[in-house]
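Colleague: Encoded as C-alpha cells, here's the structure I'll be asking about.
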Amino acid sequence: MRRSTHVMMPDHTPLTPPDYFDVHSHINDAAFDVDRIETINRTLQARVWTIVVGTDRRSSQLSSQLALFYEGLYAAAGIHPTDNTSEHFWKEYFIDLFASKKTVAVGECGLDYFRADGASLEEVARQKTLFESQLELAVEVGRPLMIHCRNAHDDMLDILASKKREYGDRLWGNIHFFTAGESIARRYLELDFTLSFSGVITFAREYDDAIRFAPQDMILSETDSPYAAPVPYRGKRNEPLFVKEVVKQLALVRGEDFEEVRRATVENAIRVFLALPHNASISTE
Ligand SMILES: [Zn+2]
C-alpha cells in the first residue's frame, strides 16, 4: 500500500519541494569538520535536501541537531551494524532524538556480514538483536527504517517479511546503497521497501537490471557522502550536491526522461520519509 505525499513541515508552513533529494548523507562526518557550514549552504542553495544519517549515538545527535537548524536538512538516528561495535542500543537516548519531527528515520541500521569478521554465529546474533531492537523502535515512533545491508540479504528479508506480517503498514523503509540484482530487488519491493541508489551506479553496470526493474515510484537517490563519489568526481570527497549525477544515471539506465525521474526521486523521498502518518503523538498539529 502506498502512503500519500502529504508533507508535514515542522513549522506547518508549506515549503516548495527541492529539485533533488539526497536521502542518505553523512555531512555529520569528521570529513566535513573543516567546512560543514559551507557544504550545507552549497547544498541548500542548489535546492538539494538531504537526510543526514547517524551511525551511533554521537553522530545521531549531531544529525538531529543539524536538522533542527536548517530547513531542508533532515536526520536519521540509529546504530550501524559494524561501525561502532562497542555501542549497545540505548532506547531512551534515541526516543529523545525522535521528539523532533525532523528526525525522520531510524538508522542507519541493518546487517553487514561483509565487514564483520567472518560473521561468526555470535556476531550474526549480535547484529540481528541490534537491528531488531531498532526495527521495534521505528514501529513505536512511527518512522521508516534506513537500512544498511551487505552480504546479508537473505537474513534481512526473512526478518522484514516476518515483521511485516506482524506490523503491516506500520513497518516501512528504504534499502540504502542498494547494490544487488533484480531478484533481491523484487523481494524488497514486494515488502514495500524502496531502494536508494548511490554514485556507484555511475561506474558499475551490475545494478542496471535492478534499476530498470524497480517501479518509478520506488526508487530514491542518495550520495552516502563523503563516500562513493559518482563520475565525474570519483576519488574526491562526495557531497550531497553530487546527487544530480545519480539522478542523471538513473534516468539514462531506465531510458526515461530526466525531468520525470528527477521529480519522482523527490516525490518518493517526501512520501517515504516526511509523511510520518503513523504516530499521532509525533504530530503536534
Ligand atoms: Zn551511510
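Going by the C-alpha cells order, chains are called A, B, ..., each with residues numbered from 1, while ligands are numbered from 1 in the order shown.
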Give me every helix (DSSP H, G or I) residue in region 61-259 of chain A, going by DSSP on the backbone, as a PyMOL selection string.
Modeller: chain A and resi 61-69+91-97+121-141+153-170+182-190+199-202+208-213+216-218+240-254+258-259
Colleague: Could you please extract the residues within 7 Å of ligand 1, counting only C-alpha atoms and all ligand atoms, and hand them back as number ranges by chain?
Modeller: A: 24-26, 53, 108, 224
Colleague: Against region 111-115 of chain A, which residues of region 10-82 of chain A fall within 9 Å? For each one I want the closest pair of atoms and the distance in Å (one decimal), counting only C-alpha atoms, rows by chain and increasing residue number, as JSON lines.
Modeller:
```
{"residue": "A:His80", "atom": "CA", "partner": "A:Leu111", "partner_atom": "CA", "distance": 8.3}
{"residue": "A:Pro81", "atom": "CA", "partner": "A:Leu111", "partner_atom": "CA", "distance": 5.7}
{"residue": "A:Thr82", "atom": "CA", "partner": "A:Asp112", "partner_atom": "CA", "distance": 6.8}
```
Colleague: Using only C-alpha atoms, can you tell me which of A:Glu222, A:Glu132, A:Asp208, A:Glu140 comes closest to Ile175 (chain A)?
Modeller: A:Glu222
Colleague: From the list A:Thr179, A:Asn41, A:Asn84, A:Gln216, which residue is nearest Ser59 (chain A) when using only C-alpha atoms?
Modeller: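 That would be A:Asn84, the residue with the smallest distance to Ser59 (chain A).
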Colleague: Excluding Leu137 (chain A) and its own-chain neighbours fewer than 2 positions away, which residues fall within 10 Å of it when counting only C-alpha atoms? Please give them as an MDAnalysis selection string.
Modeller: chainID A and resid 78 91 94:95 98 106 131:135 139:145
Colleague: Atoms to include: C-alpha atoms. Write the selected residues as a compact mmCIF listing (two decimals), in the first residue's frame.
Modeller:
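Result file is again_27.txt:
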```txt
# COMPACT_ATOMS: atom_id res chain seq x y z
CA GLY A 78 20.43 4.81 14.80
CA LYS A 91 16.45 3.05 23.62
CA PHE A 94 17.09 7.51 20.70
CA ILE A 95 13.49 8.11 21.75
CA PHE A 98 12.71 11.31 17.83
CA VAL A 106 15.61 5.07 12.30
CA PHE A 131 18.76 -4.42 14.21
CA GLU A 132 15.54 -5.87 15.58
CA SER A 133 15.52 -3.51 18.55
CA GLN A 134 15.80 -0.59 16.13
CA LEU A 135 13.03 -2.05 13.98
CA VAL A 139 7.35 0.99 14.66
CA GLU A 140 6.96 2.58 18.08
CA VAL A 141 7.93 6.10 16.99
CA GLY A 142 6.19 5.84 13.60
CA ARG A 143 9.30 6.30 11.44
CA PRO A 144 10.65 4.40 8.44
CA LEU A 145 13.85 2.34 8.61
```
Colleague: Determine which residues of region 27-262 of chain A receive a DSSP assignment of strand (DSSP E or B), computed from the backbone, and state them as JSON, numbers by chain.
Modeller: {"A": [48, 49, 50, 51, 52, 53, 73, 74, 75, 76, 77, 103, 104, 105, 106, 107, 108, 109, 110, 111, 112, 145, 146, 147, 148, 149, 150, 173, 174, 175, 193, 194, 195, 196, 197, 219, 220, 221]}
Colleague: Taking into account only C-alpha atoms, which residue in the set A:Glu259, A:Asp29, A:Asp96, A:Glu123 is nearest to Arg237 (chain A)?
Modeller: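 When distances to Arg237 (chain A) are compared using only C-alpha atoms, the smallest one comes from A:Asp29.
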Colleague: Which residues are near Leu250 (chain A)? Cut-off 10 Å, only C-alpha atoms, ignore same chain within fewer than 3 positions. Put them as a PyMOL selection string.
Modeller: chain A and resi 197-198+201-202+208+211-212+219-221+244-247+253-258+261-262+265
Colleague: Looking at A:Glu206, A:Gly72, A:Phe213, A:Gly54, which one is nearest to Arg42 (chain A), with distances taken over only C-alpha atoms?
Modeller: A:Gly72
Colleague: Considering only C-alpha atoms, can you say which of A:Glu239, A:Ser100, A:Asp209, A:Leu15 comes closest to Glu38 (chain A)?
Modeller: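 For Glu38 (chain A), the nearest of the candidates is A:Glu239.
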Colleague: Of the residues A:Thr223, A:Thr16, A:Thr85, A:Ser63, which is the one nearest to Lys102 (chain A), using only C-alpha atoms?
Modeller: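 Smallest distance to Lys102 (chain A) is found for A:Ser63.
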Colleague: What's the 9 Å shell around Val104 (chain A), counting only C-alpha atoms, without same-chain residues fewer than 5 positions away, as a PyMOL selection string?
Modeller: chain A and resi 51+74-77+98+143-144+273-274+276
Colleague: Using N, CA and C atoms, can you export the residues from the last selection as a CSV table (one decimal), in the first residue's frame?
Modeller:
```
chain,number,residue,atom,x,y,z
A,51,ILE,N,18.9,13.9,4.0
A,51,ILE,CA,18.8,13.3,5.3
A,51,ILE,C,20.2,13.0,5.8
A,74,TYR,N,17.3,17.0,7.1
A,74,TYR,CA,16.6,16.0,8.0
A,74,TYR,C,17.6,15.1,8.6
A,75,ALA,N,17.1,14.3,9.6
A,75,ALA,CA,18.1,13.4,10.3
A,75,ALA,C,17.6,12.0,10.3
A,76,ALA,N,18.5,11.1,10.3
A,76,ALA,CA,18.2,9.7,10.7
A,76,ALA,C,19.1,9.4,11.9
A,77,ALA,N,18.5,8.6,12.8
A,77,ALA,CA,19.2,8.3,14.1
A,77,ALA,C,19.2,6.8,14.3
A,98,PHE,N,13.9,11.3,18.7
A,98,PHE,CA,12.7,11.3,17.8
A,98,PHE,C,11.6,12.2,18.3
A,143,ARG,N,8.3,5.8,12.4
A,143,ARG,CA,9.3,6.3,11.4
A,143,ARG,C,9.7,5.1,10.5
A,144,PRO,N,10.1,5.5,9.3
A,144,PRO,CA,10.7,4.4,8.4
A,144,PRO,C,12.1,4.0,8.9
A,273,PHE,N,9.8,9.5,3.7
A,273,PHE,CA,10.4,10.0,4.9
A,273,PHE,C,9.7,11.2,5.6
A,274,LEU,N,8.9,11.9,4.9
A,274,LEU,CA,8.4,13.1,5.5
A,274,LEU,C,6.9,13.1,5.8
A,276,LEU,N,5.3,10.8,7.7
A,276,LEU,CA,5.1,10.3,9.1
A,276,LEU,C,3.6,10.2,9.4
```
Colleague: For region 181-183 of chain A, work out the shell of residues within 12 Å, counting only C-alpha atoms and skipping chain neighbours fewer than 3 positions away, then give it as a PyMOL selection string.
Modeller: chain A and resi 153-154+157+178+186-190+195+205-215
Colleague: Could you write out that same residue set with N, CA and C atoms as a PDB file, in the first residue's frame?
Modeller:
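The new file part37.pdb reads:
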```pdb
ATOM      1  N   HIS A 153      21.402 -10.317   2.630  1.00  0.00           N
ATOM      2  CA  HIS A 153      20.044 -10.051   2.167  1.00  0.00           C
ATOM      3  C   HIS A 153      19.046 -11.129   2.571  1.00  0.00           C
ATOM      4  N   ASP A 154      19.469 -12.413   2.578  1.00  0.00           N
ATOM      5  CA  ASP A 154      18.501 -13.461   2.937  1.00  0.00           C
ATOM      6  C   ASP A 154      18.015 -13.293   4.373  1.00  0.00           C
ATOM      7  N   LEU A 157      15.803 -10.124   4.582  1.00  0.00           N
ATOM      8  CA  LEU A 157      14.470 -10.321   4.004  1.00  0.00           C
ATOM      9  C   LEU A 157      13.605 -11.214   4.896  1.00  0.00           C
ATOM     10  N   PHE A 178      21.644   0.535  -2.473  1.00  0.00           N
ATOM     11  CA  PHE A 178      21.232  -0.772  -2.986  1.00  0.00           C
ATOM     12  C   PHE A 178      22.221  -1.258  -4.050  1.00  0.00           C
ATOM     13  N   ARG A 186      13.347  -7.397  -6.236  1.00  0.00           N
ATOM     14  CA  ARG A 186      11.925  -7.761  -6.282  1.00  0.00           C
ATOM     15  C   ARG A 186      11.402  -8.090  -4.892  1.00  0.00           C
ATOM     16  N   ARG A 187      12.218  -8.819  -4.115  1.00  0.00           N
ATOM     17  CA  ARG A 187      11.739  -9.254  -2.788  1.00  0.00           C
ATOM     18  C   ARG A 187      11.579  -8.058  -1.838  1.00  0.00           C
ATOM     19  N   TYR A 188      12.471  -7.089  -1.908  1.00  0.00           N
ATOM     20  CA  TYR A 188      12.292  -5.888  -1.071  1.00  0.00           C
ATOM     21  C   TYR A 188      11.071  -5.086  -1.514  1.00  0.00           C
ATOM     22  N   LEU A 189      10.918  -4.964  -2.827  1.00  0.00           N
ATOM     23  CA  LEU A 189       9.794  -4.173  -3.344  1.00  0.00           C
ATOM     24  C   LEU A 189       8.462  -4.801  -2.951  1.00  0.00           C
ATOM     25  N   GLU A 190       8.421  -6.131  -2.929  1.00  0.00           N
ATOM     26  CA  GLU A 190       7.184  -6.812  -2.526  1.00  0.00           C
ATOM     27  C   GLU A 190       6.814  -6.497  -1.079  1.00  0.00           C
ATOM     28  N   LEU A 195      14.196   1.399  -2.771  1.00  0.00           N
ATOM     29  CA  LEU A 195      15.624   1.155  -2.988  1.00  0.00           C
ATOM     30  C   LEU A 195      16.272   2.492  -3.312  1.00  0.00           C
ATOM     31  N   ARG A 205      28.132  -1.456 -13.715  1.00  0.00           N
ATOM     32  CA  ARG A 205      26.970  -1.803 -14.542  1.00  0.00           C
ATOM     33  C   ARG A 205      26.102  -2.915 -13.938  1.00  0.00           C
ATOM     34  N   GLU A 206      26.597  -3.593 -12.894  1.00  0.00           N
ATOM     35  CA  GLU A 206      25.898  -4.796 -12.437  1.00  0.00           C
ATOM     36  C   GLU A 206      24.581  -4.536 -11.702  1.00  0.00           C
ATOM     37  N   TYR A 207      24.239  -3.260 -11.479  1.00  0.00           N
ATOM     38  CA  TYR A 207      22.966  -2.969 -10.806  1.00  0.00           C
ATOM     39  C   TYR A 207      21.911  -2.438 -11.777  1.00  0.00           C
ATOM     40  N   ASP A 208      22.289  -2.366 -13.053  1.00  0.00           N
ATOM     41  CA  ASP A 208      21.382  -1.800 -14.054  1.00  0.00           C
ATOM     42  C   ASP A 208      20.057  -2.556 -14.147  1.00  0.00           C
ATOM     43  N   ASP A 209      20.110  -3.897 -14.014  1.00  0.00           N
ATOM     44  CA  ASP A 209      18.874  -4.685 -14.082  1.00  0.00           C
ATOM     45  C   ASP A 209      17.904  -4.277 -12.973  1.00  0.00           C
ATOM     46  N   ALA A 210      18.448  -4.129 -11.776  1.00  0.00           N
ATOM     47  CA  ALA A 210      17.600  -3.735 -10.644  1.00  0.00           C
ATOM     48  C   ALA A 210      17.047  -2.325 -10.857  1.00  0.00           C
ATOM     49  N   ILE A 211      17.894  -1.432 -11.398  1.00  0.00           N
ATOM     50  CA  ILE A 211      17.455  -0.048 -11.652  1.00  0.00           C
ATOM     51  C   ILE A 211      16.293  -0.034 -12.644  1.00  0.00           C
ATOM     52  N   ARG A 212      16.403  -0.857 -13.673  1.00  0.00           N
ATOM     53  CA  ARG A 212      15.326  -0.898 -14.678  1.00  0.00           C
ATOM     54  C   ARG A 212      14.081  -1.598 -14.149  1.00  0.00           C
ATOM     55  N   PHE A 213      14.291  -2.598 -13.277  1.00  0.00           N
ATOM     56  CA  PHE A 213      13.175  -3.405 -12.791  1.00  0.00           C
ATOM     57  C   PHE A 213      12.270  -2.639 -11.818  1.00  0.00           C
ATOM     58  N   ALA A 214      12.863  -1.794 -10.976  1.00  0.00           N
ATOM     59  CA  ALA A 214      12.089  -1.135  -9.918  1.00  0.00           C
ATOM     60  C   ALA A 214      11.085  -0.144 -10.517  1.00  0.00           C
ATOM     61  N   PRO A 215       9.848  -0.124 -10.006  1.00  0.00           N
ATOM     62  CA  PRO A 215       8.881   0.874 -10.472  1.00  0.00           C
ATOM     63  C   PRO A 215       9.378   2.283 -10.148  1.00  0.00           C
TER      64      PRO A 215
END
```
